[in-house]
file model32.cif (mmCIF, C-alpha atoms and all ligand atoms)
data_run
#
loop_
_atom_site.label_atom_id
_atom_site.label_comp_id
_atom_site.auth_asym_id
_atom_site.auth_seq_id
_atom_site.Cartn_x
_atom_site.Cartn_y
_atom_site.Cartn_z
CA ARG N 1 -18.84 18.29 7.57
CA GLN N 2 -15.63 19.18 5.74
CA ILE N 3 -14.15 16.33 3.69
CA LYS N 4 -10.88 17.09 1.97
CA PRO N 5 -10.71 15.58 -1.51
CA TYR N 6 -7.79 13.41 -2.59
CA ARG N 7 -4.94 15.57 -3.90
CA SER N 8 -2.22 14.07 -6.00
CA ALA N 9 1.39 14.42 -4.87
CA ARG N 10 2.21 15.22 -8.45
CA PRO N 11 2.28 18.82 -9.65
CA PRO N 12 1.69 19.63 -13.33
CA ARG N 13 4.62 18.26 -15.36
CA ASP N 14 5.22 21.37 -17.55
CA GLY N 15 6.90 19.29 -20.24
CA ARG N 16 10.02 18.51 -18.18
CA SER N 17 11.21 14.97 -17.59
CA TRP N 18 10.95 14.35 -13.85
CA ILE N 19 12.66 11.93 -11.52
CA ASP N 20 9.49 10.90 -9.76
CA LEU N 21 10.03 9.25 -6.37
CA SER N 22 6.77 10.57 -4.95
CA LEU N 23 4.57 7.47 -5.18
CA THR N 24 5.50 3.96 -4.12
CA GLU N 25 5.89 2.41 -7.57
CA ASN N 26 8.24 -0.25 -8.92
CA PRO N 27 11.23 1.55 -10.51
CA LEU N 28 11.79 -1.45 -12.82
CA GLY N 29 8.30 -1.09 -14.32
CA PRO N 30 5.91 -3.94 -15.16
CA SER N 31 7.01 -7.49 -15.96
CA PRO N 32 7.64 -8.13 -19.67
CA ALA N 33 5.12 -10.98 -19.47
CA ALA N 34 2.46 -8.60 -18.13
CA LEU N 35 3.19 -6.12 -20.92
CA ASN N 36 2.79 -8.85 -23.54
CA ALA N 37 -0.50 -9.98 -22.03
CA TYR N 38 -1.67 -6.37 -21.91
CA ARG N 39 -0.87 -5.82 -25.59
CA HIS N 40 -2.57 -9.06 -26.52
CA ALA N 41 -5.68 -8.05 -24.54
CA ALA N 42 -5.92 -4.83 -26.57
CA GLY N 43 -7.77 -6.76 -29.29
CA GLN N 44 -10.45 -7.76 -26.78
CA ILE N 45 -11.37 -4.44 -25.22
CA HIS N 46 -14.69 -4.23 -27.03
CA ARG N 47 -15.69 -7.21 -24.82
CA TYR N 48 -16.76 -6.95 -21.20
CA PRO N 49 -14.31 -8.48 -18.75
CA ASP N 50 -14.98 -11.84 -17.11
CA TRP N 51 -17.20 -10.87 -14.18
CA SER N 52 -16.18 -14.01 -12.28
CA GLN N 53 -12.48 -13.01 -12.54
CA ASP N 54 -11.74 -16.71 -13.00
CA GLN N 55 -8.34 -16.65 -14.71
CA LEU N 56 -6.95 -14.01 -12.36
CA ARG N 57 -8.31 -15.60 -9.18
CA HIS N 58 -6.81 -18.94 -10.21
CA ALA N 59 -3.47 -17.34 -11.10
CA ILE N 60 -3.35 -15.65 -7.67
CA ALA N 61 -4.41 -18.85 -5.92
CA ALA N 62 -1.79 -20.93 -7.75
CA ARG N 63 0.99 -18.49 -6.88
CA HIS N 64 0.02 -18.28 -3.20
CA GLY N 65 -1.20 -21.85 -2.64
CA ILE N 66 -4.67 -20.72 -1.59
CA ASP N 67 -8.29 -21.52 -2.50
CA PRO N 68 -9.44 -19.45 -5.53
CA ASN N 69 -12.99 -19.48 -4.13
CA HIS N 70 -11.79 -17.32 -1.25
CA VAL N 71 -10.22 -14.70 -3.52
CA ILE N 72 -11.84 -11.51 -4.84
CA CYS N 73 -10.27 -9.01 -7.27
CA SER N 74 -10.78 -5.28 -7.39
CA ALA N 75 -9.79 -2.10 -9.20
CA GLY N 76 -6.69 -1.53 -7.09
CA SER N 77 -6.69 -2.53 -3.43
CA GLU N 78 -8.16 0.90 -2.73
CA GLU N 79 -11.49 -0.31 -4.19
CA LEU N 80 -11.41 -3.35 -1.92
CA ILE N 81 -10.75 -1.13 1.11
CA HIS N 82 -13.84 0.88 0.16
CA LEU N 83 -15.93 -2.24 -0.48
CA VAL N 84 -15.08 -3.86 2.84
CA THR N 85 -15.79 -0.66 4.74
CA GLN N 86 -19.16 -0.22 3.02
CA ALA N 87 -20.07 -3.86 3.53
CA PHE N 88 -19.29 -3.94 7.24
CA ALA N 89 -19.55 -0.39 8.63
CA GLY N 90 -21.92 2.54 8.42
CA PRO N 91 -23.19 5.52 10.40
CA GLY N 92 -22.92 4.88 14.15
CA ASP N 93 -20.21 2.25 13.69
CA GLU N 94 -16.54 2.68 14.56
CA VAL N 95 -13.57 1.64 12.45
CA LEU N 96 -10.19 1.35 14.08
CA CYS N 97 -6.94 2.47 12.40
CA HIS N 98 -3.43 3.37 13.53
CA GLU N 99 -1.90 6.83 13.82
CA HIS N 100 0.26 7.01 10.71
CA GLY N 101 -1.67 4.29 8.89
CA TYR N 102 -2.37 4.39 5.17
CA ARG N 103 -4.72 7.31 4.44
CA GLY N 104 -6.95 5.29 2.12
CA PHE N 105 -8.52 3.80 5.25
CA LEU N 106 -9.79 7.21 6.36
CA ARG N 107 -11.22 7.99 2.91
CA ALA N 108 -13.11 4.69 2.92
CA ILE N 109 -14.41 5.25 6.46
CA ARG N 110 -15.67 8.71 5.53
CA ALA N 111 -17.30 7.37 2.37
CA ALA N 112 -19.17 4.76 4.44
CA GLY N 113 -20.31 7.37 6.98
CA ALA N 114 -18.65 5.47 9.84
CA THR N 115 -16.45 6.97 12.56
CA ALA N 116 -12.67 6.56 12.45
CA VAL N 117 -10.95 5.78 15.74
CA VAL N 118 -7.20 6.27 15.53
CA ALA N 119 -4.87 4.45 17.95
CA ALA N 120 -1.48 5.99 18.75
CA GLU N 121 1.70 4.43 17.36
CA ARG N 122 5.01 4.13 19.15
CA ASP N 123 7.95 5.72 17.33
CA MET N 124 6.31 5.12 13.92
CA VAL N 125 5.48 1.49 14.72
CA VAL N 126 1.95 0.13 15.24
CA ASP N 127 1.17 -0.37 18.94
CA VAL N 128 -1.09 -3.42 19.10
CA GLU N 129 -2.04 -2.89 22.74
CA ALA N 130 -3.11 0.72 22.01
CA MET N 131 -5.32 -0.59 19.20
CA ILE N 132 -6.91 -3.25 21.39
CA ASP N 133 -7.58 -0.58 24.04
CA ARG N 134 -9.58 1.50 21.54
CA ALA N 135 -11.82 -1.39 20.40
CA ASN N 136 -15.35 -1.66 21.77
CA ASP N 137 -18.75 -3.10 20.95
CA ARG N 138 -19.22 -0.57 18.12
CA THR N 139 -15.92 -1.48 16.38
CA ARG N 140 -16.86 -3.17 13.10
CA ILE N 141 -13.47 -3.16 11.35
CA CYS N 142 -9.84 -2.84 12.42
CA PHE N 143 -7.43 -1.81 9.65
CA LEU N 144 -3.77 -2.72 9.90
CA ALA N 145 -1.29 -1.84 7.14
CA ASN N 146 1.63 -4.22 7.63
CA PRO N 147 4.14 -3.05 6.56
CA ASN N 148 2.71 0.44 6.70
CA ASN N 149 2.86 3.35 4.27
CA PRO N 150 4.32 5.98 4.85
CA THR N 151 6.31 4.81 7.90
CA GLY N 152 7.79 1.73 6.14
CA THR N 153 7.78 -0.21 9.42
CA TYR N 154 6.17 -3.57 10.17
CA ILE N 155 5.08 -5.61 13.17
CA PRO N 156 5.86 -9.34 13.53
CA ALA N 157 3.28 -12.09 13.00
CA GLU N 158 3.15 -12.70 16.72
CA ALA N 159 1.94 -9.10 17.30
CA VAL N 160 -0.70 -9.41 14.57
CA LEU N 161 -1.98 -12.57 16.25
CA ARG N 162 -2.10 -10.71 19.57
CA LEU N 163 -4.13 -7.98 17.92
CA ARG N 164 -6.57 -10.48 16.43
CA ALA N 165 -6.97 -12.27 19.75
CA GLY N 166 -7.53 -8.97 21.57
CA LEU N 167 -10.25 -7.66 19.24
CA PRO N 168 -13.92 -8.35 19.93
CA PRO N 169 -15.24 -11.33 17.89
CA HIS N 170 -17.61 -9.04 15.94
CA THR N 171 -14.68 -6.97 14.59
CA LEU N 172 -13.29 -7.79 11.14
CA LEU N 173 -9.50 -7.46 11.05
CA VAL N 174 -8.37 -6.18 7.63
CA LEU N 175 -4.69 -6.85 7.00
CA ASP N 176 -3.43 -4.63 4.22
CA SER N 177 -0.24 -6.31 3.00
CA ALA N 178 0.44 -4.01 0.03
CA TYR N 179 4.23 -4.23 0.52
CA ALA N 180 4.43 -7.87 1.67
CA GLU N 181 6.50 -8.88 -1.37
CA TYR N 182 9.31 -6.60 -0.20
CA CYS N 183 9.42 -7.91 3.37
CA ARG N 184 11.21 -11.24 3.73
CA ARG N 185 11.87 -11.07 7.46
CA SER N 186 11.49 -14.44 9.16
CA ASN N 187 9.12 -13.08 11.82
CA TYR N 188 6.82 -11.41 9.26
CA SER N 189 3.57 -12.90 7.92
CA ASP N 190 1.70 -11.49 4.92
CA GLY N 191 -1.47 -12.69 6.67
CA THR N 192 -2.22 -15.80 4.60
CA GLU N 193 -2.03 -18.22 7.55
CA ILE N 194 -3.76 -15.74 9.82
CA VAL N 195 -6.74 -15.66 7.41
CA GLU N 196 -6.76 -19.45 7.28
CA ASN N 197 -6.97 -19.80 11.03
CA ALA N 198 -9.73 -17.29 11.68
CA ASP N 199 -13.20 -16.40 10.46
CA ASN N 200 -12.88 -12.64 10.92
CA VAL N 201 -9.71 -11.70 9.00
CA LEU N 202 -9.43 -10.37 5.43
CA MET N 203 -6.05 -9.94 3.70
CA VAL N 204 -5.86 -7.16 1.10
CA ARG N 205 -3.13 -7.17 -1.60
CA THR N 206 -2.18 -5.12 -4.62
CA PHE N 207 -0.55 -5.40 -8.04
CA SER N 208 0.54 -1.75 -7.80
CA LYS N 209 3.82 -2.20 -5.92
CA MET N 210 6.13 -5.17 -6.59
CA HIS N 211 4.10 -6.23 -9.66
CA GLY N 212 4.46 -2.80 -11.22
CA LEU N 213 0.85 -2.35 -12.39
CA ALA N 214 -0.18 0.75 -10.43
CA GLY N 215 -1.63 2.41 -13.52
CA LEU N 216 -3.83 -0.57 -14.40
CA ARG N 217 -5.58 -0.68 -10.98
CA VAL N 218 -5.66 -4.27 -9.74
CA GLY N 219 -5.95 -5.48 -6.16
CA TRP N 220 -7.23 -8.61 -4.50
CA GLY N 221 -8.45 -9.97 -1.20
CA TYR N 222 -8.33 -13.34 0.55
CA GLY N 223 -10.73 -14.15 3.33
CA PRO N 224 -13.43 -16.45 4.69
CA ALA N 225 -16.35 -17.27 2.37
CA SER N 226 -18.79 -15.11 4.36
CA VAL N 227 -16.60 -12.02 3.88
CA ILE N 228 -15.80 -12.72 0.19
CA ASP N 229 -19.53 -13.26 -0.50
CA ALA N 230 -20.43 -9.97 1.17
CA LEU N 231 -17.86 -8.14 -0.97
CA ASN N 232 -18.93 -9.86 -4.20
CA ALA N 233 -22.52 -8.88 -3.41
CA ILE N 234 -21.71 -5.16 -3.63
CA ARG N 235 -18.82 -4.91 -6.10
CA GLY N 236 -19.40 -3.78 -9.68
CA ALA N 237 -19.83 -6.85 -11.86
CA PHE N 238 -17.09 -5.72 -14.27
CA ASN N 239 -14.80 -3.90 -11.82
CA VAL N 240 -11.49 -5.25 -13.19
CA SER N 241 -10.94 -4.53 -16.89
CA VAL N 242 -10.04 -7.06 -19.61
CA ALA N 243 -6.50 -5.66 -19.90
CA ALA N 244 -6.01 -5.53 -16.12
CA GLN N 245 -7.12 -9.14 -15.61
CA ALA N 246 -4.85 -10.35 -18.42
CA ALA N 247 -1.77 -8.37 -17.33
CA ALA N 248 -2.16 -9.19 -13.64
CA SER N 249 -2.56 -12.93 -14.38
CA ALA N 250 0.75 -12.84 -16.26
CA ALA N 251 2.46 -10.62 -13.68
CA ILE N 252 1.75 -12.87 -10.73
CA ALA N 253 3.25 -15.86 -12.54
CA ASP N 254 6.41 -13.92 -13.48
CA THR N 255 8.62 -14.79 -10.53
CA ASP N 256 11.76 -13.66 -12.45
CA HIS N 257 10.51 -10.09 -12.51
CA GLU N 258 9.56 -10.35 -8.88
CA GLU N 259 13.04 -11.58 -7.95
CA ALA N 260 14.69 -8.82 -9.99
CA SER N 261 12.46 -6.22 -8.31
CA TYR N 262 13.20 -7.65 -4.88
CA ALA N 263 16.96 -7.71 -5.57
CA HIS N 264 16.93 -4.12 -6.83
CA ASN N 265 15.15 -2.98 -3.68
CA ALA N 266 17.39 -5.07 -1.42
CA GLU N 267 20.38 -3.28 -2.92
CA TRP N 268 19.08 0.29 -3.12
CA LEU N 269 16.87 0.59 -0.03
CA PRO N 270 19.86 0.25 2.35
CA TRP N 271 21.97 2.48 0.08
CA LEU N 272 19.30 5.19 0.03
CA SER N 273 18.71 4.93 3.79
CA ARG N 274 22.44 5.25 4.49
CA GLU N 275 22.98 8.15 2.10
CA LEU N 276 19.96 10.03 3.43
CA GLU N 277 21.45 9.72 6.91
CA HIS N 278 24.79 10.96 5.59
CA VAL N 279 23.16 14.14 4.30
CA GLY N 280 21.61 14.69 7.73
CA LEU N 281 18.10 13.23 7.62
CA ARG N 282 16.72 10.84 10.22
CA VAL N 283 15.59 7.67 8.46
CA TYR N 284 13.09 5.22 9.93
CA PRO N 285 13.89 1.55 9.33
CA SER N 286 11.88 0.50 6.27
CA VAL N 287 11.05 -2.94 4.89
CA CYS N 288 9.21 -1.45 1.89
CA ASN N 289 10.24 0.15 -1.41
CA PHE N 290 10.38 3.62 0.16
CA VAL N 291 11.73 5.30 3.27
CA LEU N 292 10.36 7.90 5.64
CA ALA N 293 12.97 10.60 6.25
CA GLN N 294 12.73 13.30 8.90
CA VAL N 295 14.12 16.74 8.17
CA PRO N 296 16.31 18.32 10.88
CA ALA N 297 14.62 20.86 13.17
CA ASP N 298 16.17 23.89 11.48
CA PRO N 299 13.69 26.72 10.88
CA SER N 300 15.60 27.93 7.81
CA LEU N 301 15.50 24.48 6.22
CA GLY N 302 11.98 23.10 6.32
CA VAL N 303 10.37 20.45 4.18
CA GLN N 304 9.16 23.09 1.70
CA THR N 305 12.70 24.43 1.12
CA ILE N 306 13.87 20.93 0.33
CA LEU N 307 10.89 20.21 -1.93
CA ASP N 308 11.48 23.47 -3.84
CA HIS N 309 15.17 22.71 -4.24
CA LEU N 310 14.42 19.21 -5.54
CA ALA N 311 11.66 20.46 -7.84
CA ALA N 312 14.08 22.95 -9.39
CA ARG N 313 16.16 19.88 -10.31
CA SER N 314 13.04 18.05 -11.58
CA ILE N 315 12.96 15.63 -8.65
CA LEU N 316 9.73 14.77 -6.83
CA VAL N 317 9.36 13.19 -3.40
CA LYS N 318 6.24 13.08 -1.22
CA PRO N 319 5.52 15.45 1.66
CA VAL N 320 3.45 13.63 4.29
CA ALA N 321 1.94 16.46 6.34
CA ASP N 322 -1.49 14.87 5.74
CA TYR N 323 -0.26 11.94 7.85
CA GLY N 324 0.54 14.28 10.75
CA LEU N 325 4.22 14.12 9.71
CA ALA N 326 4.86 17.74 8.74
CA ASN N 327 8.64 17.43 9.08
CA CYS N 328 9.00 14.24 7.03
CA LEU N 329 9.34 13.18 3.41
CA ARG N 330 8.50 9.81 1.91
CA ILE N 331 11.04 8.83 -0.70
CA THR N 332 10.57 5.88 -3.04
CA VAL N 333 13.55 3.78 -4.13
CA GLY N 334 14.25 4.65 -7.75
CA GLN N 335 16.58 3.42 -10.44
CA GLU N 336 20.28 3.77 -9.65
CA GLU N 337 20.75 7.10 -11.48
CA GLU N 338 17.59 8.48 -9.87
CA ASN N 339 18.75 7.55 -6.37
CA ARG N 340 22.16 9.10 -7.01
CA ALA N 341 20.64 12.28 -8.47
CA LEU N 342 18.37 12.64 -5.43
CA ILE N 343 21.23 12.30 -2.96
CA ALA N 344 23.38 14.75 -4.92
CA ALA N 345 20.55 17.31 -4.94
CA LEU N 346 19.90 16.82 -1.20
CA ALA N 347 23.61 17.20 -0.41
CA GLU N 348 23.51 20.61 -2.14
CA VAL N 349 20.63 21.91 -0.07
CA LEU N 350 21.53 20.25 3.24
CA GLY N 351 25.21 21.12 2.94
N1 LIG L 401 -2.57 0.02 0.91
C1 LIG L 401 -1.40 0.62 1.15
C2 LIG L 401 -0.71 0.36 2.45
C3 LIG L 401 -0.85 1.49 0.21
O1 LIG L 401 0.31 2.09 0.46
C4 LIG L 401 -1.54 1.72 -1.01
C5 LIG L 401 -1.04 2.65 -2.02
O2 LIG L 401 -0.17 3.43 -1.82
C6 LIG L 401 -2.75 1.06 -1.20
C7 LIG L 401 -3.23 0.22 -0.23
C8 LIG L 401 -3.57 1.27 -2.44
O3 LIG L 401 -2.94 0.74 -3.55
P1 LIG L 401 -3.71 0.37 -4.86
O4 LIG L 401 -5.08 0.95 -4.78
O5 LIG L 401 -2.90 0.95 -5.95
O6 LIG L 401 -3.75 -1.12 -4.88
#

call {"tool": "encode", "arguments": {"input": "model32.cif", "output": "structure tokens", "more": "lines below"}}
Ligand code: PLP
result
Amino acid sequence: RQIKPYRSARPPRDGRSWIDLSLTENPLGPSPAALNAYRHAAGQIHRYPDWSQDQLRHAIAARHGIDPNHVICSAGSEELIHLVTQAFAGPGDEVLCHEHGYRGFLRAIRAAGATAVVAAERDMVVDVEAMIDRANDRTRICFLANPNNPTGTYIPAEAVLRLRAGLPPHTLLVLDSAYAEYCRRSNYSDGTEIVENADNVLMVRTFSKMHGLAGLRVGWGYGPASVIDALNAIRGAFNVSVAAQAAASAAIADTDHEEASYAHNAEWLPWLSRELEHVGLRVYPSVCNFVLAQVPADPSLGVQTILDHLAARSILVKPVADYGLANCLRITVGQEEENRALIAALAEVLG
């Protein structure tokens, strides 16, 4: 069976300084408190990290008002996605995902030897009824990225509850809320209460987005004891490094940095969406720190022409053909000058 390896969106840098809007990072960088903690931890890196992840689990629990005993930390949320798939699914089992859902789900399903079942979306939005229709007695896990990458769209709490109620009781619903910090819509739930009112829901979170620690690799999960125990039973004892635990503990307590990051996104996401539409792209409504933009159906002006034009100006955005979206680009909100430079470069090529 052919399995395509992960390929970075990033080409070799050839010594130039790039405006990199290709991955969904925080343009403001890490919190100053996290950087301090990271530097301080440098003197301790000859020591193994705390296998029990105590300080970090308690910091997460304090910030979110949840029980630290129901929290597990991982090397990025990607590790947790792999762990949960390996713990609950294997050859002969099915794992449900959605059409343009985060691709890490498919990598994890392949790694576990299980079969991915992909439910159609409706105009780039998860269709809960289509997912329920595809569930059966072999469905071990149902993955939902809410909001989703790369579409940037979300479904309301009421739809997530409908999905949970419609899944068989033996199916674990995994709510990947990687971009929850950016979505403050009143009908949205990050999944915390949904976990608390069910015994078959796991919420997966990350420090890579709003908390600006993508390079350190820290994620976490919140779920019922039976699920957390199963994940702890197979994770590496020292899976989150000394520096990562220290920096993430400081980052999650730094609400000033979080507010500044939220405010930056709240200002520049609508600006970017509007300007992309002005230069002729179709923009899907995003609640994340990136937008999905569709290139006009003009054979002389495909995605590759635009990517080449931007690359010549040292600007990177992400093609998403591997998501079945060959005519789209995912563009992360950057710093002000980066956003303006991108729009200026697109205006040149799109006329
Ligand atoms: N989940 C979603 C929806 C994502 O978009 C990403 C990264 O892009 C991840 C999970 C993985 O993030 P990380 O492993 O950095 O925590």

call {"tool": "residues_near_point", "arguments": {"input": "model32.cif", "point": "(-19.3, -4.1, -6.5)", "cutoff": "10 Å", "atoms": "all atoms listed in the file", "output": "ChimeraX atom specification"}}
result
/N:74,79-80,82-83,230-239

call {"tool": "atom_distance", "arguments": {"input": "model32.cif", "atom1": "atom CA of N:Val125", "atom2": "atom CA of N:Arg162"}}
result
15.2 Å

call {"tool": "residues_near_ligand", "arguments": {"input": "model32.cif", "ligand": "ligand LIG 401 (chain L)", "cutoff": "6 Å", "atoms": "all atoms listed in the file", "output": "PDB file with C-alpha atoms, in the coordinates of the input"}}
result
ATOM      1  CA  GLY N  76      -6.690  -1.530  -7.090  1.00  0.00           C
ATOM      2  CA  SER N  77      -6.690  -2.530  -3.430  1.00  0.00           C
ATOM      3  CA  GLU N  78      -8.160   0.900  -2.730  1.00  0.00           C
ATOM      4  CA  TYR N 102      -2.370   4.390   5.170  1.00  0.00           C
ATOM      5  CA  ALA N 145      -1.290  -1.840   7.140  1.00  0.00           C
ATOM      6  CA  ASN N 148       2.710   0.440   6.700  1.00  0.00           C
ATOM      7  CA  ASN N 149       2.860   3.350   4.270  1.00  0.00           C
ATOM      8  CA  ASP N 176      -3.430  -4.630   4.220  1.00  0.00           C
ATOM      9  CA  ALA N 178       0.440  -4.010   0.030  1.00  0.00           C
ATOM     10  CA  THR N 206      -2.180  -5.120  -4.620  1.00  0.00           C
ATOM     11  CA  SER N 208       0.540  -1.750  -7.800  1.00  0.00           C
ATOM     12  CA  ALA N 214      -0.180   0.750 -10.430  1.00  0.00           C
ATOM     13  CA  ARG N 217      -5.580  -0.680 -10.980  1.00  0.00           C
ATOM     14  CA  GLY N 219      -5.950  -5.480  -6.160  1.00  0.00           C
TER      15      GLY N 219
END

call {"tool": "residues_around", "arguments": {"input": "model32.cif", "residues": "N:Met203", "least_positions_apart": "4", "cutoff": "9 Å", "atoms": "only C-alpha atoms", "output": "list in words"}}
result
Leu173, Val174, Leu175, Asp176, Ser177, Asp190, Gly191, Thr192, Ile194, Val195, Trp220, Gly221, Tyr222 and Gly223 of chain N

call {"tool": "axis_aligned_box", "arguments": {"input": "model32.cif", "around": "stretch 233-244 of chain N", "padding_each_side": "6 Å", "output": "lines of an AutoDock Vina configuration file"}}
result
center_x = -14.3
center_y = -6.3
center_z = -11.7
size_x = 28.5
size_y = 17.1
size_z = 28.5

call {"tool": "atom_distance", "arguments": {"input": "model32.cif", "atom1": "atom CA of N:Val240", "atom2": "atom CA of N:Gly113"}}
result
25.4 Å

call {"tool": "closest_residue", "arguments": {"input": "model32.cif", "among": "N:Thr115, N:Gln245, N:Thr171, N:Asn26", "to": "N:Gln335", "atoms": "all atoms listed in the file"}}
result
N:Asn26

call {"tool": "closest_residue", "arguments": {"input": "model32.cif", "among": "N:Ala62, N:Leu28, N:Val287, N:Ala108", "to": "N:Gly334", "atoms": "all atoms listed in the file"}}
result
N:Leu28

call {"tool": "closest_residue", "arguments": {"input": "model32.cif", "among": "N:Gly166, N:Pro150, N:Pro319, N:Pro30", "to": "N:Arg134", "atoms": "only C-alpha atoms"}}
result
N:Gly166

call {"tool": "closest_residue", "arguments": {"input": "model32.cif", "among": "N:Leu276, N:His70, N:Thr139, N:Ala159", "to": "N:Asp199", "atoms": "all atoms listed in the file"}}
result
N:His70

call {"tool": "atom_distance", "arguments": {"input": "model32.cif", "atom1": "atom CA of N:Val349", "atom2": "atom CA of N:Ile306"}}
result
6.8 Å

call {"tool": "closest_residue", "arguments": {"input": "model32.cif", "among": "N:Val303, N:Ala87, N:Ala253, N:Ala34", "to": "N:Val317", "atoms": "all atoms listed in the file"}}
result
N:Val303

call {"tool": "residues_around", "arguments": {"input": "model32.cif", "residues": "N:Phe207", "least_positions_apart": "3", "cutoff": "7 Å", "atoms": "all atoms listed in the file", "output": "PyMOL selection string"}}
result
chain N and resi 210-214+218-219+248

call {"tool": "closest_residue", "arguments": {"input": "model32.cif", "among": "N:Ile109, N:Glu258, N:Asp322, N:Ser241", "to": "N:Gln53", "atoms": "all atoms listed in the file"}}
result
N:Ser241

call {"tool": "residues_near_point", "arguments": {"input": "model32.cif", "point": "(-4.1, 0.9, 23.1)", "cutoff": "12 Å", "atoms": "only C-alpha atoms", "output": "list of chain:residue names"}}
result
N:Leu96, N:Cys97, N:His98, N:Glu99, N:Val117, N:Val118, N:Ala119, N:Ala120, N:Glu121, N:Arg122, N:Val126, N:Asp127, N:Val128, N:Glu129, N:Ala130, N:Met131, N:Ile132, N:Asp133, N:Arg134, N:Ala135, N:Asn136, N:Leu163, N:Gly166, N:Leu167

call {"tool": "write_last_selection", "arguments": {"input": "model32.cif", "atoms": "C-alpha atoms", "output": "PDB file, in the coordinates of the input"}}
result
ATOM      1  CA  LEU N  96     -10.190   1.350  14.080  1.00  0.00           C
ATOM      2  CA  CYS N  97      -6.940   2.470  12.400  1.00  0.00           C
ATOM      3  CA  HIS N  98      -3.430   3.370  13.530  1.00  0.00           C
ATOM      4  CA  GLU N  99      -1.900   6.830  13.820  1.00  0.00           C
ATOM      5  CA  VAL N 117     -10.950   5.780  15.740  1.00  0.00           C
ATOM      6  CA  VAL N 118      -7.200   6.270  15.530  1.00  0.00           C
ATOM      7  CA  ALA N 119      -4.870   4.450  17.950  1.00  0.00           C
ATOM      8  CA  ALA N 120      -1.480   5.990  18.750  1.00  0.00           C
ATOM      9  CA  GLU N 121       1.700   4.430  17.360  1.00  0.00           C
ATOM     10  CA  ARG N 122       5.010   4.130  19.150  1.00  0.00           C
ATOM     11  CA  VAL N 126       1.950   0.130  15.240  1.00  0.00           C
ATOM     12  CA  ASP N 127       1.170  -0.370  18.940  1.00  0.00           C
ATOM     13  CA  VAL N 128      -1.090  -3.420  19.100  1.00  0.00           C
ATOM     14  CA  GLU N 129      -2.040  -2.890  22.740  1.00  0.00           C
ATOM     15  CA  ALA N 130      -3.110   0.720  22.010  1.00  0.00           C
ATOM     16  CA  MET N 131      -5.320  -0.590  19.200  1.00  0.00           C
ATOM     17  CA  ILE N 132      -6.910  -3.250  21.390  1.00  0.00           C
ATOM     18  CA  ASP N 133      -7.580  -0.580  24.040  1.00  0.00           C
ATOM     19  CA  ARG N 134      -9.580   1.500  21.540  1.00  0.00           C
ATOM     20  CA  ALA N 135     -11.820  -1.390  20.400  1.00  0.00           C
ATOM     21  CA  ASN N 136     -15.350  -1.660  21.770  1.00  0.00           C
ATOM     22  CA  LEU N 163      -4.130  -7.980  17.920  1.00  0.00           C
ATOM     23  CA  GLY N 166      -7.530  -8.970  21.570  1.00  0.00           C
ATOM     24  CA  LEU N 167     -10.250  -7.660  19.240  1.00  0.00           C
TER      25      LEU N 167
END

call {"tool": "residues_around", "arguments": {"input": "model32.cif", "residues": "N:Arg330", "least_positions_apart": "6", "cutoff": "10 Å", "atoms": "only C-alpha atoms", "output": "list of chain:residue names"}}
result
N:Leu21, N:Ser22, N:Leu23, N:Thr24, N:Asn149, N:Pro150, N:Thr151, N:Gly152, N:Val283, N:Phe290, N:Val291, N:Leu292, N:Ala293, N:Gln294, N:Val317, N:Lys318, N:Pro319, N:Val320

call {"tool": "residues_around", "arguments": {"input": "model32.cif", "residues": "N:Thr255", "least_positions_apart": "5", "cutoff": "10 Å", "atoms": "all atoms listed in the file", "output": "list in words"}}
result
Ser31, Arg63, His211, Ala250, Ala260 and Ser261 of chain N

call {"tool": "decode", "arguments": {"input": "model32.cif", "residues": "stretch 26-45 of chain N", "atoms": "C-alpha atoms", "output": "PDB file, in the first residue's frame"}}
result
ATOM      1  CA  ASN N  26       0.953  33.091  15.912  1.00  0.00           C
ATOM      2  CA  PRO N  27       2.424  36.140  14.112  1.00  0.00           C
ATOM      3  CA  LEU N  28       3.123  37.781  17.502  1.00  0.00           C
ATOM      4  CA  GLY N  29       5.377  34.893  18.555  1.00  0.00           C
ATOM      5  CA  PRO N  30       5.499  33.289  22.015  1.00  0.00           C
ATOM      6  CA  SER N  31       4.513  35.056  25.229  1.00  0.00           C
ATOM      7  CA  PRO N  32       7.402  36.863  26.963  1.00  0.00           C
ATOM      8  CA  ALA N  33       6.629  34.822  30.090  1.00  0.00           C
ATOM      9  CA  ALA N  34       7.011  31.580  28.119  1.00  0.00           C
ATOM     10  CA  LEU N  35      10.324  32.769  26.685  1.00  0.00           C
ATOM     11  CA  ASN N  36      11.622  33.566  30.170  1.00  0.00           C
ATOM     12  CA  ALA N  37      10.564  30.161  31.466  1.00  0.00           C
ATOM     13  CA  TYR N  38      12.192  28.525  28.448  1.00  0.00           C
ATOM     14  CA  ARG N  39      15.496  30.319  29.057  1.00  0.00           C
ATOM     15  CA  HIS N  40      15.378  29.445  32.727  1.00  0.00           C
ATOM     16  CA  ALA N  41      14.735  25.773  31.882  1.00  0.00           C
ATOM     17  CA  ALA N  42      17.899  25.717  29.752  1.00  0.00           C
ATOM     18  CA  GLY N  43      19.940  25.065  32.904  1.00  0.00           C
ATOM     19  CA  GLN N  44      17.914  21.909  33.579  1.00  0.00           C
ATOM     20  CA  ILE N  45      18.086  20.116  30.260  1.00  0.00           C
TER      21      ILE N  45
END
